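Below is the file target_9.cif, which contains mmCIF, C-alpha atoms.
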```cif
data_structure
loop_
_atom_site.label_atom_id
_atom_site.label_comp_id
_atom_site.auth_asym_id
_atom_site.auth_seq_id
_atom_site.Cartn_x
_atom_site.Cartn_y
_atom_site.Cartn_z
CA MET A 1 44.86 34.40 21.08
CA LEU A 2 47.41 35.00 18.31
CA SER A 3 45.22 37.72 16.83
CA GLU A 4 45.51 39.68 20.09
CA LEU A 5 49.30 40.06 19.78
CA GLU A 6 51.19 42.90 18.13
CA PRO A 7 52.92 41.88 14.86
CA GLN A 8 56.45 42.06 16.32
CA MET A 9 55.44 40.03 19.37
CA LEU A 10 53.66 37.55 17.11
CA ASP A 11 56.92 36.96 15.22
CA GLU A 12 58.77 36.43 18.49
CA VAL A 13 56.11 33.95 19.67
CA ARG A 14 56.43 31.99 16.42
CA ASP A 15 60.23 32.00 16.68
CA LEU A 16 60.11 30.72 20.26
CA ASN A 17 57.70 27.94 19.31
CA LEU A 18 59.95 26.93 16.41
CA LYS A 19 62.93 26.80 18.77
CA LEU A 20 61.01 24.64 21.26
CA PHE A 21 59.84 22.16 18.64
CA ARG A 22 63.27 21.92 16.97
CA LYS A 23 65.04 20.97 20.21
CA SER A 24 62.44 18.53 21.51
CA LEU A 25 60.49 15.34 21.01
CA PRO A 26 56.70 15.14 21.07
CA LEU A 27 55.11 14.32 24.40
CA GLU A 28 53.77 11.07 22.93
CA SER A 29 57.40 9.85 22.76
CA PHE A 30 57.45 9.77 26.57
CA LEU A 31 53.94 8.72 27.53
CA LYS A 32 51.06 6.54 26.40
CA LEU A 33 48.34 9.14 25.94
CA GLU A 34 44.58 8.81 25.96
CA LYS A 35 42.05 11.62 25.56
CA VAL A 36 39.67 11.67 28.51
CA THR A 37 37.34 14.20 30.06
CA HIS A 38 38.41 15.70 33.39
CA SER A 39 39.03 19.14 34.83
CA HIS A 40 42.46 18.78 36.42
CA ARG A 41 45.14 21.19 35.27
CA CYS A 42 47.80 18.65 36.19
CA ARG A 43 47.62 15.76 38.66
CA LEU A 44 49.36 12.45 39.29
CA ASP A 45 47.08 9.73 40.62
CA SER A 46 47.66 5.96 40.84
CA GLY A 47 50.44 5.99 38.24
CA PHE A 48 48.46 8.09 35.78
CA LEU A 49 49.25 11.66 34.85
CA TYR A 50 46.15 13.76 34.17
CA PHE A 51 46.57 17.11 32.48
CA SER A 52 44.50 19.59 30.54
CA PHE A 53 44.74 23.00 28.99
CA LYS A 54 42.24 25.83 28.75
CA GLY A 55 41.56 27.97 25.73
CA PRO A 56 41.40 31.76 25.72
CA ASP A 57 37.75 31.62 26.77
CA GLY A 58 38.63 29.69 29.94
CA ASN A 59 37.05 26.42 28.80
CA PHE A 60 39.05 23.21 28.69
CA ILE A 61 40.19 22.51 25.14
CA SER A 62 42.20 19.38 25.69
CA SER A 63 42.33 16.87 28.54
CA TRP A 64 44.42 13.75 28.68
CA ARG A 65 45.38 10.79 30.80
CA ALA A 66 48.85 9.40 30.42
CA GLU A 67 50.92 6.56 31.72
CA GLU A 68 54.62 5.94 31.37
CA ALA A 69 55.77 4.32 28.19
CA LYS A 70 57.49 0.93 28.49
CA HIS A 71 60.91 2.54 28.32
CA PRO A 72 60.50 5.89 30.04
CA LYS A 73 63.10 8.50 29.20
CA ALA A 74 62.04 10.80 32.00
CA SER A 75 60.21 10.38 35.30
CA LEU A 76 56.51 11.11 35.66
CA ASN A 77 57.30 13.84 38.21
CA PHE A 78 59.62 15.52 35.68
CA LEU A 79 56.92 15.38 32.99
CA PHE A 80 54.35 16.59 35.53
CA ALA A 81 56.47 19.70 36.19
CA ILE A 82 56.98 20.36 32.47
CA LEU A 83 53.24 20.04 31.78
CA LEU A 84 52.39 22.29 34.73
CA SER A 85 54.75 25.03 33.54
CA LYS A 86 53.75 28.26 31.84
CA LEU A 87 55.98 27.17 28.96
CA ALA A 88 53.67 24.21 28.24
CA GLU A 89 50.61 26.49 28.50
CA PHE A 90 52.30 28.94 26.13
CA THR A 91 53.02 26.20 23.60
CA MET A 92 49.45 24.90 23.76
CA ALA A 93 48.01 28.40 23.39
CA TYR A 94 50.26 29.65 20.61
CA SER A 95 51.58 26.69 18.58
CA GLY A 96 48.32 25.43 17.12
CA LYS A 97 49.46 21.87 17.78
CA PRO A 98 47.62 19.23 19.83
CA ALA A 99 48.83 18.30 23.32
CA ASN A 100 50.25 14.94 22.23
CA LEU A 101 52.80 16.87 20.13
CA LEU A 102 53.87 19.26 22.89
CA PRO A 103 57.66 19.63 22.79
CA VAL A 104 59.50 17.85 25.59
CA LYS A 105 63.26 18.18 25.65
CA LEU A 106 64.80 14.75 26.12
CA PRO A 107 67.06 14.77 29.16
CA ASP A 108 70.41 13.09 28.53
CA MET A 109 71.00 11.47 31.91
CA GLN A 110 74.70 11.01 31.00
CA LYS A 111 75.13 14.79 31.00
CA GLY A 112 75.41 16.30 34.46
CA MET A 113 73.39 19.43 33.63
CA ASP A 114 70.50 17.50 32.05
CA LYS A 115 70.39 15.08 34.97
CA SER A 116 70.48 18.00 37.39
CA TYR A 117 67.57 19.74 35.63
CA HIS A 118 65.63 16.48 35.43
CA ASP A 119 66.09 15.81 39.13
CA LYS A 120 65.33 19.41 40.14
CA LEU A 121 62.14 19.52 38.05
CA ALA A 122 61.08 16.06 39.26
CA GLY A 123 61.60 17.23 42.85
CA LEU A 124 59.58 20.38 42.25
CA GLY A 125 56.83 18.30 40.62
CA LYS A 126 56.67 16.02 43.65
CA ALA A 127 56.79 18.98 46.06
CA TYR A 128 53.92 20.62 44.17
CA GLN A 129 51.73 17.54 44.57
CA VAL A 130 52.48 17.23 48.30
CA THR A 131 51.88 20.93 48.90
CA LYS A 132 48.67 20.91 46.84
CA ALA A 133 47.41 18.12 49.13
CA ASP A 134 48.45 20.23 52.15
CA VAL A 135 46.35 23.14 50.83
CA ALA A 136 43.35 20.87 50.33
CA GLY A 137 43.74 19.26 53.74
CA ALA A 138 44.48 22.41 55.74
CA ILE A 139 42.28 22.69 58.78
CA THR A 140 42.98 26.30 59.71
CA GLU A 141 43.01 29.36 57.50
CA GLU A 142 46.59 30.08 58.60
CA ALA A 143 47.73 26.59 57.54
CA LYS A 144 45.96 27.02 54.21
CA GLU A 145 47.61 30.42 53.61
CA THR A 146 51.04 29.03 54.48
CA ALA A 147 50.63 26.05 52.16
CA SER A 148 49.24 28.28 49.39
CA ALA A 149 52.25 30.59 49.65
CA GLU A 150 54.55 27.55 49.40
CA LEU A 151 52.59 26.31 46.38
CA THR A 152 53.10 29.69 44.67
CA ARG A 153 56.83 29.51 45.42
CA ILE A 154 57.02 26.01 43.91
CA GLU A 155 55.10 27.11 40.79
CA LYS A 156 57.59 29.96 40.29
CA GLY A 157 60.43 27.47 40.67
CA ILE A 158 58.87 25.16 38.08
CA ASN A 159 58.49 28.03 35.62
CA ARG A 160 62.04 29.29 36.23
CA GLU A 161 63.69 25.87 35.97
CA THR A 162 61.66 24.85 32.91
CA ALA A 163 62.75 28.03 31.10
CA ARG A 164 66.37 27.32 32.04
CA TYR A 165 66.14 23.67 31.03
CA TYR A 166 64.82 24.61 27.59
CA GLY A 167 67.58 27.20 27.21
CA LEU A 168 65.36 30.26 26.95
CA THR A 169 67.20 33.55 26.71
CA LYS A 170 66.31 36.46 29.00
CA ARG A 171 64.38 38.02 26.11
CA GLU A 172 62.44 34.79 25.48
CA THR A 173 61.69 34.43 29.20
CA LYS A 174 60.42 38.02 29.29
CA LEU A 175 58.25 37.31 26.23
CA LEU A 176 56.84 34.21 27.93
CA LYS A 177 56.03 36.17 31.09
CA THR A 178 54.44 38.99 29.11
CA VAL A 179 52.31 36.77 26.89
CA MET A 180 51.24 34.42 29.70
CA GLN A 181 50.87 37.29 32.20
CA TYR A 182 52.73 35.92 35.18
CA GLY A 183 55.61 37.19 37.29
#
```

Represent the structure from my file as structure tokens, please.
Amino acid sequence: MLSELEPQMLDEVRDLNLKLFRKSLPLESFLKLEKVTHSHRCRLDSGFLYFSFKGPDGNFISSWRAEEAKHPKASLNFLFAILLSKLAEFTMAYSGKPANLLPVKLPDMQKGMDKSYHDKLAGLGKAYQVTKADVAGAITEEAKETASAELTRIEKGINRETARYYGLTKRETKLLKTVMQYG
């Protein structure tokens, strides 16, 4: 995927990845990770967080099952939202690093802003799961369309709040949207 980018954009992508890794801890600091085979983009089930990423060809390149570490620094719903975000997809696609090293910014729960972002992202992560179940369980087409629209709204919220939490500038957010092709 890197070869498809213009040289200037490639430099910006590398700079953004460096920024993300400098300000963060690896995902394995938060979760006990195990490589498994599954096809869930991101799902919480029975205390386990399942997530995977696709490569440029659309095939799954990495799938994992995770459980909270003994001393969790962030809730599973918060981590769910981070892993579901376009920022996590961007990092997997353009950093060249394995998923266990994905950068996760440690929330300082003593700081009001960090706690606020943690709680907002955890709430969006939980809302996503509930709404995803509503889509799957919808009986009528109208109910399914309504739930799908809500799911899209929640995904946008996750992407917006993740970018804010990581301190992305407007330029970096625009780069992320351009490279990952979402609005």

When you look at Pro103 in chain A with a cut-off of 7 Å (counting all atoms listed in the file), what residues show up, excluding the ones that are within fewer than 3 positions of it in the same chain? I need them as an MDAnalysis selection string.
chainID A and resid 20:21 24:27

For range 119-121 of chain A, list every protein, DNA or RNA residue within 9 Å, evaluated using only C-alpha atoms, and leave out those in the same chain fewer than 5 positions away; present the list as a list in words.
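Selected residues are Ser75, Asn77, Phe78, Leu79, Phe80, Ala81, Ile82, Asp114, Lys126, Gly157, Ile158, Glu161 and Thr162 of chain A.
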
Keeping C-alpha atoms for every residue in the selection just given, could you write it to a file as a compact mmCIF listing (two decimals), in the coordinates of the input?
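Everything below was put into selection.txt:
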```txt
# COMPACT_ATOMS: atom_id res chain seq x y z
CA SER A 75 60.21 10.38 35.30
CA ASN A 77 57.30 13.84 38.21
CA PHE A 78 59.62 15.52 35.68
CA LEU A 79 56.92 15.38 32.99
CA PHE A 80 54.35 16.59 35.53
CA ALA A 81 56.47 19.70 36.19
CA ILE A 82 56.98 20.36 32.47
CA ASP A 114 70.50 17.50 32.05
CA LYS A 126 56.67 16.02 43.65
CA GLY A 157 60.43 27.47 40.67
CA ILE A 158 58.87 25.16 38.08
CA GLU A 161 63.69 25.87 35.97
CA THR A 162 61.66 24.85 32.91
```

Nearest-residue call for Ser39 in chain A, choices A:Ile61, A:Val179, A:Ala127, A:Leu18, using only C-alpha atoms:
A:Ile61

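Rounded to one decimal, CA of Tyr50 in chain A and CA of Gly112 in chain A lie 29.4 Å from each other.
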
Counting only C-alpha atoms, the option among A:Lys23, A:Leu33, A:Ala147, A:Leu49 closest to Gly167 in chain A
A:Lys23

Once the PyMOL selection byres ((chain A and resi 87) around 9) has been evaluated on this model, what residues remain selected, and can you format them as a list in words?
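When the PyMOL selection byres ((chain A and resi 87) around 9) is applied to the shown file, the picked residues are Ile82, Leu83, Leu84, Ser85, Lys86, Ala88, Glu89, Phe90, Thr91, Met92, Asn159, Thr162, Ala163, Leu176 and Met180 of chain A.
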
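Put simply, CA of Ile154 in chain A is 17.6 Å away from CA of Thr173 in chain A.
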
With distances taken over all atoms listed in the file, which of A:Asp11, A:Asp134, A:Glu28, A:Glu172 is nearest to Asn100 in chain A?
A:Glu28

Close residues, His38 in chain A itself excluded, 10 Å, all atoms listed in the file, min 5 positions apart in chain, as a ChimeraX atom specification:
/A:50-52,60,62-65

Evaluate the PyMOL selection byres ((chain A and resi 67) around 9) against this structure - the residues, as a compact mmCIF listing (two decimals) with C-alpha atoms, in the frame of the given file, please.
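File written: result08.txt
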```txt
# COMPACT_ATOMS: atom_id res chain seq x y z
CA PHE A 30 57.45 9.77 26.57
CA LEU A 31 53.94 8.72 27.53
CA LYS A 32 51.06 6.54 26.40
CA LEU A 33 48.34 9.14 25.94
CA GLU A 34 44.58 8.81 25.96
CA GLY A 47 50.44 5.99 38.24
CA PHE A 48 48.46 8.09 35.78
CA LEU A 49 49.25 11.66 34.85
CA TYR A 50 46.15 13.76 34.17
CA ARG A 65 45.38 10.79 30.80
CA ALA A 66 48.85 9.40 30.42
CA GLU A 68 54.62 5.94 31.37
CA ALA A 69 55.77 4.32 28.19
CA LEU A 76 56.51 11.11 35.66
```

Can you put N, CA and C atoms back into range 144-159 of chain A and show it as a JSON list (two decimals), in the frame of the given file?
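Everything below was put into out30.json:
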```
[["chain", "number", "residue", "atom", "x", "y", "z"],
["A", 144, "LYS", "N", 46.28, 26.96, 55.64],
["A", 144, "LYS", "CA", 45.96, 27.02, 54.21],
["A", 144, "LYS", "C", 46.75, 28.14, 53.53],
["A", 145, "GLU", "N", 46.85, 29.30, 54.17],
["A", 145, "GLU", "CA", 47.61, 30.42, 53.61],
["A", 145, "GLU", "C", 49.09, 30.08, 53.50],
["A", 146, "THR", "N", 49.64, 29.42, 54.50],
["A", 146, "THR", "CA", 51.04, 29.03, 54.48],
["A", 146, "THR", "C", 51.31, 28.05, 53.35],
["A", 147, "ALA", "N", 50.47, 27.05, 53.22],
["A", 147, "ALA", "CA", 50.63, 26.05, 52.16],
["A", 147, "ALA", "C", 50.43, 26.67, 50.78],
["A", 148, "SER", "N", 49.48, 27.60, 50.67],
["A", 148, "SER", "CA", 49.24, 28.28, 49.39],
["A", 148, "SER", "C", 50.44, 29.13, 48.98],
["A", 149, "ALA", "N", 51.06, 29.79, 49.94],
["A", 149, "ALA", "CA", 52.25, 30.59, 49.65],
["A", 149, "ALA", "C", 53.39, 29.67, 49.18],
["A", 150, "GLU", "N", 53.52, 28.52, 49.80],
["A", 150, "GLU", "CA", 54.55, 27.55, 49.40],
["A", 150, "GLU", "C", 54.25, 27.02, 47.99],
["A", 151, "LEU", "N", 52.99, 26.78, 47.70],
["A", 151, "LEU", "CA", 52.59, 26.31, 46.38],
["A", 151, "LEU", "C", 52.96, 27.34, 45.30],
["A", 152, "THR", "N", 52.73, 28.61, 45.59],
["A", 152, "THR", "CA", 53.10, 29.69, 44.67],
["A", 152, "THR", "C", 54.61, 29.71, 44.45],
["A", 153, "ARG", "N", 55.37, 29.54, 45.52],
["A", 153, "ARG", "CA", 56.83, 29.51, 45.42],
["A", 153, "ARG", "C", 57.29, 28.35, 44.53],
["A", 154, "ILE", "N", 56.66, 27.19, 44.70],
["A", 154, "ILE", "CA", 57.02, 26.01, 43.91],
["A", 154, "ILE", "C", 56.67, 26.24, 42.44],
["A", 155, "GLU", "N", 55.50, 26.81, 42.17],
["A", 155, "GLU", "CA", 55.10, 27.11, 40.79],
["A", 155, "GLU", "C", 56.12, 28.03, 40.12],
["A", 156, "LYS", "N", 56.57, 29.05, 40.82],
["A", 156, "LYS", "CA", 57.59, 29.96, 40.29],
["A", 156, "LYS", "C", 58.87, 29.20, 40.00],
["A", 157, "GLY", "N", 59.24, 28.29, 40.89],
["A", 157, "GLY", "CA", 60.43, 27.47, 40.67],
["A", 157, "GLY", "C", 60.29, 26.58, 39.45],
["A", 158, "ILE", "N", 59.13, 26.00, 39.27],
["A", 158, "ILE", "CA", 58.87, 25.16, 38.08],
["A", 158, "ILE", "C", 59.01, 26.00, 36.82],
["A", 159, "ASN", "N", 58.41, 27.17, 36.80],
["A", 159, "ASN", "CA", 58.49, 28.03, 35.62],
["A", 159, "ASN", "C", 59.93, 28.47, 35.33]]
```
